[in-house]
$ cat final-v3.cif   # mmCIF, C-alpha atoms
data_entry
#
loop_
_atom_site.group_PDB
_atom_site.id
_atom_site.type_symbol
_atom_site.label_atom_id
_atom_site.label_comp_id
_atom_site.auth_asym_id
_atom_site.auth_seq_id
_atom_site.Cartn_x
_atom_site.Cartn_y
_atom_site.Cartn_z
ATOM 1 C CA MET A 1 -99.582 27.265 63.060
ATOM 2 C CA THR A 2 -97.336 24.247 62.428
ATOM 3 C CA LEU A 3 -97.451 24.786 58.658
ATOM 4 C CA ILE A 4 -96.251 28.405 59.060
ATOM 5 C CA LYS A 5 -93.332 27.355 61.269
ATOM 6 C CA LEU A 6 -92.368 24.653 58.765
ATOM 7 C CA ARG A 7 -92.438 27.212 55.924
ATOM 8 C CA GLN A 8 -90.331 29.609 57.998
ATOM 9 C CA LYS A 9 -87.796 26.889 58.725
ATOM 10 C CA LEU A 10 -87.653 25.880 55.041
ATOM 11 C CA PHE A 11 -87.281 29.528 54.014
ATOM 12 C CA LEU A 12 -84.461 30.080 56.507
ATOM 13 C CA LEU A 13 -82.750 26.852 55.425
ATOM 14 C CA LEU A 14 -82.951 27.807 51.733
ATOM 15 C CA PHE A 15 -81.781 31.333 52.521
ATOM 16 C CA ALA A 16 -78.793 29.959 54.475
ATOM 17 C CA LEU A 17 -77.905 27.508 51.684
ATOM 18 C CA LEU A 18 -78.119 30.210 49.017
ATOM 19 C CA SER A 19 -76.048 32.589 51.128
ATOM 20 C CA VAL A 20 -73.318 29.996 51.667
ATOM 21 C CA GLY A 21 -73.545 29.008 47.998
ATOM 22 C CA LEU A 22 -72.849 32.581 46.932
ATOM 23 C CA VAL A 23 -70.419 33.743 49.610
ATOM 24 C CA LEU A 24 -68.126 30.705 49.775
ATOM 25 C CA PRO A 25 -67.229 30.554 46.049
ATOM 26 C CA THR A 26 -66.647 34.315 45.994
ATOM 27 C CA TYR A 27 -64.329 34.047 48.983
ATOM 28 C CA VAL A 28 -62.417 31.099 47.474
ATOM 29 C CA ILE A 29 -62.063 32.821 44.092
ATOM 30 C CA ASN A 30 -60.838 36.062 45.692
ATOM 31 C CA ARG A 31 -58.279 34.235 47.856
ATOM 32 C CA THR A 32 -57.042 32.259 44.849
ATOM 33 C CA ILE A 33 -56.676 35.393 42.738
ATOM 34 C CA ASP A 34 -54.898 37.193 45.588
ATOM 35 C CA THR A 35 -52.411 34.323 45.947
ATOM 36 C CA GLN A 36 -51.854 34.056 42.184
ATOM 37 C CA VAL A 37 -51.160 37.771 41.792
ATOM 38 C CA LYS A 38 -48.737 37.849 44.727
ATOM 39 C CA THR A 39 -46.931 34.787 43.341
ATOM 40 C CA GLU A 40 -46.648 36.367 39.889
ATOM 41 C CA ILE A 41 -45.327 39.631 41.329
ATOM 42 C CA THR A 42 -42.857 37.713 43.505
ATOM 43 C CA ASN A 43 -41.588 35.802 40.463
ATOM 44 C CA SER A 44 -41.320 39.022 38.470
ATOM 45 C CA LEU A 45 -39.406 40.738 41.303
ATOM 46 C CA LEU A 46 -37.076 37.755 41.579
ATOM 47 C CA SER A 47 -36.401 37.894 37.843
ATOM 48 C CA HIS A 48 -35.782 41.649 37.996
ATOM 49 C CA ASN A 49 -33.549 41.124 41.027
ATOM 50 C CA LYS A 50 -31.314 38.768 39.018
ATOM 51 C CA ALA A 51 -31.412 41.144 36.036
ATOM 52 C CA PHE A 52 -30.301 44.027 38.258
ATOM 53 C CA GLU A 53 -27.371 41.970 39.536
ATOM 54 C CA LEU A 54 -26.244 41.300 35.946
ATOM 55 C CA TYR A 55 -26.776 44.939 34.984
ATOM 56 C CA SER A 56 -24.845 46.293 37.956
ATOM 57 C CA ARG A 57 -21.929 43.891 37.384
ATOM 58 C CA SER A 58 -21.696 44.594 33.646
ATOM 59 C CA SER A 59 -22.007 48.376 33.800
ATOM 60 C CA ASN A 60 -19.214 50.639 34.888
ATOM 61 C CA LEU A 61 -21.645 52.741 36.894
ATOM 62 C CA ASP A 62 -21.558 53.509 40.583
ATOM 63 C CA ILE A 63 -23.865 51.000 42.318
ATOM 64 C CA GLY A 64 -26.179 53.788 43.524
ATOM 65 C CA ILE A 65 -26.505 55.208 40.000
ATOM 66 C CA ALA A 66 -27.147 51.700 38.665
ATOM 67 C CA ALA A 67 -29.946 51.261 41.224
ATOM 68 C CA LEU A 68 -31.469 54.614 40.280
ATOM 69 C CA ASN A 69 -31.294 53.866 36.526
ATOM 70 C CA PHE A 70 -32.772 50.392 36.976
ATOM 71 C CA SER A 71 -35.584 51.779 39.105
ATOM 72 C CA LYS A 72 -36.412 54.443 36.516
ATOM 73 C CA GLN A 73 -36.583 51.794 33.778
ATOM 74 C CA THR A 74 -38.661 49.256 35.723
ATOM 75 C CA GLY A 75 -40.655 51.362 38.187
ATOM 76 C CA LEU A 76 -39.420 49.131 41.012
ATOM 77 C CA ARG A 77 -37.827 50.158 44.277
ATOM 78 C CA VAL A 78 -34.204 48.978 44.553
ATOM 79 C CA THR A 79 -32.375 48.775 47.879
ATOM 80 C CA LEU A 80 -28.783 47.582 48.240
ATOM 81 C CA ILE A 81 -27.775 46.336 51.673
ATOM 82 C CA ALA A 82 -24.350 45.608 53.194
ATOM 83 C CA LYS A 83 -23.566 42.450 55.157
ATOM 84 C CA ASP A 84 -24.078 44.316 58.452
ATOM 85 C CA GLY A 85 -27.563 45.519 57.352
ATOM 86 C CA LYS A 86 -26.595 49.093 56.508
ATOM 87 C CA VAL A 87 -28.334 50.459 53.411
ATOM 88 C CA ILE A 88 -25.693 51.297 50.808
ATOM 89 C CA ALA A 89 -27.981 52.533 48.038
ATOM 90 C CA GLU A 90 -31.680 53.222 47.585
ATOM 91 C CA SER A 91 -33.410 54.068 44.314
ATOM 92 C CA ASP A 92 -35.739 56.617 45.897
ATOM 93 C CA SER A 93 -33.694 59.808 45.786
ATOM 94 C CA ASN A 94 -35.829 61.424 48.512
ATOM 95 C CA ILE A 95 -34.515 59.009 51.134
ATOM 96 C CA VAL A 96 -31.526 59.990 53.274
ATOM 97 C CA LEU A 97 -29.455 56.807 53.609
ATOM 98 C CA ASN A 98 -27.852 57.534 56.962
ATOM 99 C CA LYS A 99 -31.308 57.980 58.492
ATOM 100 C CA MET A 100 -32.553 54.573 57.355
ATOM 101 C CA ASP A 101 -32.876 51.754 59.877
ATOM 102 C CA ASN A 102 -30.640 48.718 59.767
ATOM 103 C CA HIS A 103 -32.178 46.217 57.323
ATOM 104 C CA LEU A 104 -30.616 43.012 58.625
ATOM 105 C CA ASN A 105 -33.737 42.098 60.628
ATOM 106 C CA ARG A 106 -36.222 42.821 57.858
ATOM 107 C CA PRO A 107 -38.382 39.713 57.201
ATOM 108 C CA GLU A 108 -37.304 39.385 53.564
ATOM 109 C CA VAL A 109 -33.631 39.429 54.602
ATOM 110 C CA GLN A 110 -34.204 37.067 57.544
ATOM 111 C CA ASN A 111 -35.924 34.577 55.195
ATOM 112 C CA LEU A 112 -32.612 34.222 53.341
ATOM 113 C CA LYS A 113 -31.278 32.040 56.153
ATOM 114 C CA ASN A 114 -33.536 29.213 54.955
ATOM 115 C CA MET A 115 -34.149 30.008 51.283
ATOM 116 C CA ASP A 116 -32.491 31.286 48.105
ATOM 117 C CA TYR A 117 -34.635 34.407 48.253
ATOM 118 C CA GLY A 118 -36.764 36.121 50.865
ATOM 119 C CA VAL A 119 -40.255 37.528 50.388
ATOM 120 C CA SER A 120 -42.280 39.837 52.575
ATOM 121 C CA VAL A 121 -45.507 41.791 52.137
ATOM 122 C CA ARG A 122 -45.532 44.665 54.595
ATOM 123 C CA TYR A 123 -45.821 48.379 55.242
ATOM 124 C CA SER A 124 -42.805 50.597 54.534
ATOM 125 C CA ASN A 125 -42.322 53.151 57.303
ATOM 126 C CA THR A 126 -39.902 55.004 55.021
ATOM 127 C CA LEU A 127 -42.293 55.507 52.093
ATOM 128 C CA LYS A 128 -45.586 55.081 54.002
ATOM 129 C CA LYS A 129 -46.950 52.407 51.611
ATOM 130 C CA ASP A 130 -47.469 48.664 51.491
ATOM 131 C CA PHE A 131 -44.923 46.780 49.372
ATOM 132 C CA ILE A 132 -44.062 43.272 48.251
ATOM 133 C CA TYR A 133 -40.330 42.833 48.871
ATOM 134 C CA VAL A 134 -38.001 40.226 47.359
ATOM 135 C CA ALA A 135 -34.405 40.003 48.581
ATOM 136 C CA ARG A 136 -31.468 37.892 47.395
ATOM 137 C CA MET A 137 -28.015 37.404 48.812
ATOM 138 C CA ILE A 138 -25.107 38.103 46.449
ATOM 139 C CA GLU A 139 -21.345 38.134 46.624
ATOM 140 C CA ALA A 140 -20.095 41.581 45.691
ATOM 141 C CA LYS A 141 -17.545 44.059 46.977
ATOM 142 C CA ASP A 142 -19.810 46.178 49.205
ATOM 143 C CA VAL A 143 -23.263 44.717 48.624
ATOM 144 C CA SER A 144 -24.497 41.515 50.272
ATOM 145 C CA TYR A 145 -28.226 41.828 49.573
ATOM 146 C CA ILE A 146 -30.250 43.122 46.648
ATOM 147 C CA ARG A 147 -33.840 43.914 47.540
ATOM 148 C CA LEU A 148 -36.486 44.910 45.009
ATOM 149 C CA ALA A 149 -40.007 45.994 45.850
ATOM 150 C CA GLN A 150 -43.331 46.668 44.141
ATOM 151 C CA THR A 151 -46.133 48.682 45.709
ATOM 152 C CA MET A 152 -49.259 46.840 46.750
ATOM 153 C CA ASP A 153 -51.226 49.500 44.828
ATOM 154 C CA PHE A 154 -50.051 47.730 41.678
ATOM 155 C CA ALA A 155 -50.914 44.312 43.110
ATOM 156 C CA GLN A 156 -54.370 45.511 44.149
ATOM 157 C CA THR A 157 -55.019 46.812 40.637
ATOM 158 C CA LEU A 158 -54.199 43.364 39.225
ATOM 159 C CA ILE A 159 -56.326 41.635 41.867
ATOM 160 C CA ASP A 160 -59.297 43.909 41.105
ATOM 161 C CA LEU A 161 -58.907 43.330 37.375
ATOM 162 C CA ARG A 162 -58.710 39.548 37.753
ATOM 163 C CA THR A 163 -61.664 39.483 40.139
ATOM 164 C CA THR A 164 -63.768 41.348 37.561
ATOM 165 C CA VAL A 165 -62.624 39.020 34.772
ATOM 166 C CA SER A 166 -63.314 35.905 36.873
ATOM 167 C CA TYR A 167 -66.778 37.118 37.806
ATOM 168 C CA THR A 168 -67.535 37.902 34.145
ATOM 169 C CA HIS A 169 -66.252 34.453 33.167
ATOM 170 C CA LEU A 170 -68.535 32.774 35.724
ATOM 171 C CA ARG A 171 -71.513 34.816 34.519
ATOM 172 C CA ALA A 172 -70.761 33.750 30.927
ATOM 173 C CA HIS A 173 -71.193 30.111 31.950
ATOM 174 C CA GLU A 174 -74.628 30.970 33.307
ATOM 175 C CA THR A 175 -75.768 32.633 30.058
ATOM 176 C CA GLY A 176 -75.201 29.620 27.806
ATOM 177 C CA ARG A 177 -75.212 30.357 24.056
ATOM 178 C CA ASN A 178 -75.082 34.114 24.484
ATOM 179 C CA GLY A 179 -72.101 34.050 26.863
ATOM 180 C CA VAL A 180 -68.497 34.843 26.107
ATOM 181 C CA CYS A 181 -67.174 31.483 27.235
ATOM 182 C CA ARG A 182 -68.063 28.542 25.003
ATOM 183 C CA ARG A 183 -67.128 24.907 25.184
ATOM 184 C CA VAL A 184 -64.986 23.582 22.370
ATOM 185 C CA GLY A 185 -65.928 20.256 20.803
ATOM 186 C CA GLY A 186 -68.992 19.688 22.976
#

$ encode --input "final-v3.cif" --output "C-alpha coordinates"
Amino acid sequence: MTLIKLRQKLFLLLFALLSVGLVLPTYVINRTIDTQVKTEITNSLLSHNKAFELYSRSSNLDIGIAALNFSKQTGLRVTLIAKDGKVIAESDSNIVLNKMDNHLNRPEVQNLKNMDYGVSVRYSNTLKKDFIYVARMIEAKDVSYIRLAQTMDFAQTLIDLRTTVSYTHLRAHETGRNGVCRRVGG
(Lines of atoms letter the chains of each structure in order from A and count residues from 1; the text may use other names and numbers.)
(Lines give C-alpha, C1' and ligand atoms only; values in the text may rest on other atoms or scores of the structure.)
Protein backbone atom coordinates (compact mmCIF):
# COMPACT_ATOMS: atom_id res chain seq x y z
CA MET A 1 0.00 0.00 0.00
CA THR A 2 2.83 2.42 0.85
CA LEU A 3 4.58 1.74 -2.46
CA ILE A 4 1.40 2.64 -4.41
CA LYS A 5 0.98 5.91 -2.52
CA LEU A 6 4.63 6.78 -3.14
CA ARG A 7 4.20 6.09 -6.87
CA GLN A 8 1.05 8.22 -6.93
CA LYS A 9 2.84 11.07 -5.21
CA LEU A 10 5.81 10.81 -7.61
CA PHE A 11 3.44 10.69 -10.58
CA LEU A 12 1.54 13.76 -9.37
CA LEU A 13 4.80 15.61 -8.67
CA LEU A 14 6.17 14.82 -12.14
CA PHE A 15 2.85 15.75 -13.73
CA ALA A 16 2.83 19.09 -11.86
CA LEU A 17 6.45 19.82 -12.84
CA LEU A 18 5.80 18.99 -16.50
CA SER A 19 2.64 21.09 -16.51
CA VAL A 20 4.44 24.10 -15.04
CA GLY A 21 7.38 23.48 -17.38
CA LEU A 22 5.10 23.68 -20.40
CA VAL A 23 2.60 26.33 -19.32
CA LEU A 24 4.98 28.90 -17.82
CA PRO A 25 7.27 29.30 -20.87
CA THR A 26 4.24 29.51 -23.17
CA TYR A 27 2.72 32.22 -21.00
CA VAL A 28 6.00 34.19 -20.84
CA ILE A 29 6.57 33.91 -24.60
CA ASN A 30 3.00 35.03 -25.38
CA ARG A 31 3.23 38.02 -23.01
CA THR A 32 6.59 39.02 -24.50
CA ILE A 33 5.27 38.80 -28.05
CA ASP A 34 2.15 40.77 -27.09
CA THR A 35 4.28 43.54 -25.56
CA GLN A 36 6.69 43.61 -28.52
CA VAL A 37 3.90 43.89 -31.08
CA LYS A 38 2.13 46.66 -29.17
CA THR A 39 5.43 48.55 -28.83
CA GLU A 40 6.15 48.21 -32.55
CA ILE A 41 2.66 49.40 -33.48
CA THR A 42 2.96 52.31 -31.05
CA ASN A 43 6.28 53.33 -32.60
CA SER A 44 4.82 53.02 -36.09
CA LEU A 45 1.78 55.13 -35.12
CA LEU A 46 4.05 57.75 -33.57
CA SER A 47 6.11 57.90 -36.76
CA HIS A 48 2.97 58.17 -38.89
CA ASN A 49 1.64 60.83 -36.53
CA LYS A 50 4.73 62.99 -37.16
CA ALA A 51 4.53 62.27 -40.90
CA PHE A 52 0.89 63.39 -40.95
CA GLU A 53 1.83 66.65 -39.23
CA LEU A 54 4.46 67.34 -41.91
CA TYR A 55 2.06 66.34 -44.68
CA SER A 56 -0.77 68.51 -43.40
CA ARG A 57 1.52 71.54 -42.96
CA SER A 58 3.13 71.20 -46.40
CA SER A 59 -0.04 70.55 -48.39
CA ASN A 60 -2.51 73.24 -49.28
CA LEU A 61 -5.39 70.91 -48.48
CA ASP A 62 -8.16 71.42 -45.97
CA ILE A 63 -7.13 69.62 -42.76
CA GLY A 64 -10.10 67.24 -43.01
CA ILE A 65 -9.21 66.31 -46.60
CA ALA A 66 -5.58 65.82 -45.55
CA ALA A 67 -6.72 63.45 -42.78
CA LEU A 68 -8.90 61.50 -45.21
CA ASN A 69 -6.10 61.24 -47.83
CA PHE A 70 -3.54 60.17 -45.23
CA SER A 71 -5.91 57.56 -43.85
CA LYS A 72 -6.57 56.14 -47.32
CA GLN A 73 -2.83 55.85 -47.97
CA THR A 74 -1.90 54.30 -44.61
CA GLY A 75 -5.05 52.47 -43.51
CA LEU A 76 -4.87 54.28 -40.17
CA ARG A 77 -7.61 56.20 -38.40
CA VAL A 78 -6.80 59.92 -38.10
CA THR A 79 -8.57 62.19 -35.62
CA LEU A 80 -7.80 65.90 -35.24
CA ILE A 81 -8.79 67.47 -31.93
CA ALA A 82 -9.07 71.13 -30.86
CA LYS A 83 -7.65 72.46 -27.61
CA ASP A 84 -11.08 72.23 -25.95
CA GLY A 85 -11.43 68.53 -26.95
CA LYS A 86 -13.84 69.03 -29.83
CA VAL A 87 -13.15 66.76 -32.82
CA ILE A 88 -12.32 68.94 -35.82
CA ALA A 89 -11.71 66.19 -38.37
CA GLU A 90 -12.01 62.41 -38.52
CA SER A 91 -10.80 60.19 -41.35
CA ASP A 92 -13.80 57.86 -41.15
CA SER A 93 -16.33 59.56 -43.41
CA ASN A 94 -19.23 57.67 -41.80
CA ILE A 95 -18.79 59.55 -38.53
CA VAL A 96 -20.83 62.69 -37.87
CA LEU A 97 -18.43 65.08 -36.11
CA ASN A 98 -20.97 67.05 -34.11
CA LYS A 99 -22.23 63.80 -32.57
CA MET A 100 -18.80 62.75 -31.32
CA ASP A 101 -17.97 63.04 -27.62
CA ASN A 102 -15.44 65.51 -26.34
CA HIS A 103 -11.98 63.90 -26.61
CA LEU A 104 -10.13 65.92 -23.98
CA ASN A 105 -10.56 63.20 -21.34
CA ARG A 106 -9.54 60.31 -23.56
CA PRO A 107 -6.63 58.39 -21.95
CA GLU A 108 -4.25 58.99 -24.86
CA VAL A 109 -4.88 62.75 -24.65
CA GLN A 110 -4.67 62.80 -20.85
CA ASN A 111 -1.28 61.03 -21.02
CA LEU A 112 0.09 64.08 -22.85
CA LYS A 113 0.23 65.98 -19.56
CA ASN A 114 3.22 63.86 -18.52
CA MET A 115 4.71 62.68 -21.82
CA ASP A 116 5.52 63.77 -25.38
CA TYR A 117 2.90 61.38 -26.70
CA GLY A 118 -0.02 59.47 -25.24
CA VAL A 119 -0.89 55.83 -25.85
CA SER A 120 -4.04 53.91 -25.09
CA VAL A 121 -5.38 50.48 -26.03
CA ARG A 122 -9.15 50.51 -25.70
CA TYR A 123 -12.55 49.96 -27.27
CA SER A 124 -13.94 52.63 -29.60
CA ASN A 125 -17.62 53.24 -28.93
CA THR A 126 -17.80 55.14 -32.22
CA LEU A 127 -16.51 52.34 -34.46
CA LYS A 128 -17.28 49.39 -32.15
CA LYS A 129 -13.71 47.98 -32.30
CA ASP A 130 -10.60 47.80 -30.17
CA PHE A 131 -7.83 50.21 -31.20
CA ILE A 132 -4.33 51.24 -30.23
CA TYR A 133 -4.32 55.04 -30.10
CA VAL A 134 -1.32 57.38 -30.20
CA ALA A 135 -1.85 61.12 -29.69
CA ARG A 136 0.57 64.05 -29.91
CA MET A 137 0.14 67.70 -29.06
CA ILE A 138 0.95 70.18 -31.84
CA GLU A 139 0.83 73.91 -32.34
CA ALA A 140 -1.43 74.69 -35.27
CA LYS A 141 -4.19 77.14 -36.08
CA ASP A 142 -7.21 75.01 -35.14
CA VAL A 143 -5.69 71.66 -34.20
CA SER A 144 -4.05 70.97 -30.83
CA TYR A 145 -3.90 67.17 -30.96
CA ILE A 146 -3.25 64.66 -33.71
CA ARG A 147 -4.42 61.16 -32.86
CA LEU A 148 -3.76 58.12 -35.02
CA ALA A 149 -5.14 54.65 -34.39
CA GLN A 150 -4.70 51.08 -35.60
CA THR A 151 -7.25 48.34 -35.03
CA MET A 152 -6.36 45.57 -32.63
CA ASP A 153 -7.41 43.12 -35.37
CA PHE A 154 -4.14 44.02 -37.07
CA ALA A 155 -2.19 43.69 -33.82
CA GLN A 156 -3.77 40.30 -33.11
CA THR A 157 -2.79 39.07 -36.56
CA LEU A 158 0.84 40.01 -35.85
CA ILE A 159 0.70 38.43 -32.39
CA ASP A 160 -0.71 35.19 -33.81
CA LEU A 161 1.93 35.12 -36.54
CA ARG A 162 4.79 35.73 -34.10
CA THR A 163 3.45 33.14 -31.66
CA THR A 164 3.43 30.54 -34.45
CA VAL A 165 6.95 31.51 -35.54
CA SER A 166 8.26 31.41 -31.95
CA TYR A 167 6.72 28.01 -31.33
CA THR A 168 8.21 26.69 -34.59
CA HIS A 169 11.59 28.15 -33.60
CA LEU A 170 11.47 26.40 -30.21
CA ARG A 171 10.50 23.11 -31.86
CA ALA A 172 13.46 23.47 -34.25
CA HIS A 173 15.82 23.53 -31.27
CA GLU A 174 14.33 20.24 -30.11
CA THR A 175 14.87 18.52 -33.48
CA GLY A 176 18.63 19.06 -33.65
CA ARG A 177 20.21 18.47 -37.08
CA ASN A 178 16.91 18.30 -38.92
CA GLY A 179 15.58 21.57 -37.46
CA VAL A 180 15.38 24.95 -39.12
CA CYS A 181 17.46 26.72 -36.51
CA ARG A 182 21.15 25.82 -36.46
CA ARG A 183 24.00 27.11 -34.38
CA VAL A 184 26.72 28.97 -36.23
CA GLY A 185 30.33 28.15 -35.43
CA GLY A 186 29.53 25.47 -32.85

$ atom_distance --input "final-v3.cif" --atom1 "atom CA of Ile146 of chain A" --atom2 "atom CA of Leu80 of chain A"
5.0 Å

$ resolve_selection --input "final-v3.cif" --expression "the PyMOL selection byres ((chain A and resi 47) around 12)" --output "list in words"
Glu40, Ile41, Thr42, Asn43, Ser44, Leu45, Leu46, His48, Asn49, Lys50, Ala51, Phe52, Glu53, Leu54, Thr74, Tyr117, Val134, Ala135, Arg136, Ile146, Arg147, Leu148 and Ala149 of chain A

$ resolve_selection --input "final-v3.cif" --expression "the PyMOL selection byres ((chain A and resi 94-106) around 9)" --output "ChimeraX atom specification"
/A:81-93,107-111,120,126-127

$ axis_aligned_box --input "final-v3.cif" --around "segment 74-86 of chain A" --padding-each-side "8 Å" --output "lines of an AutoDock Vina configuration file"
center_x = -32.1
center_y = 46.9
center_z = 47.1
size_x = 33.1
size_y = 24.9
size_z = 38.7

$ atom_distance --input "final-v3.cif" --atom1 "atom CA of Ile138 of chain A" --atom2 "atom CA of Ser58 of chain A"
14.8 Å

$ closest_residue --input "final-v3.cif" --among "A:Ala66, A:Leu22, A:Ile4, A:Met152" --to "Lys129 of chain A" --atoms "all atoms listed in the file"
A:Met152

$ closest_residue --input "final-v3.cif" --among "A:Ser144, A:Thr79, A:Thr151, A:Asn69" --to "Lys38 of chain A" --atoms "only C-alpha atoms"
A:Thr151

$ atom_distance --input "final-v3.cif" --atom1 "atom CA of Tyr55 of chain A" --atom2 "atom CA of Phe70 of chain A"
8.3 Å
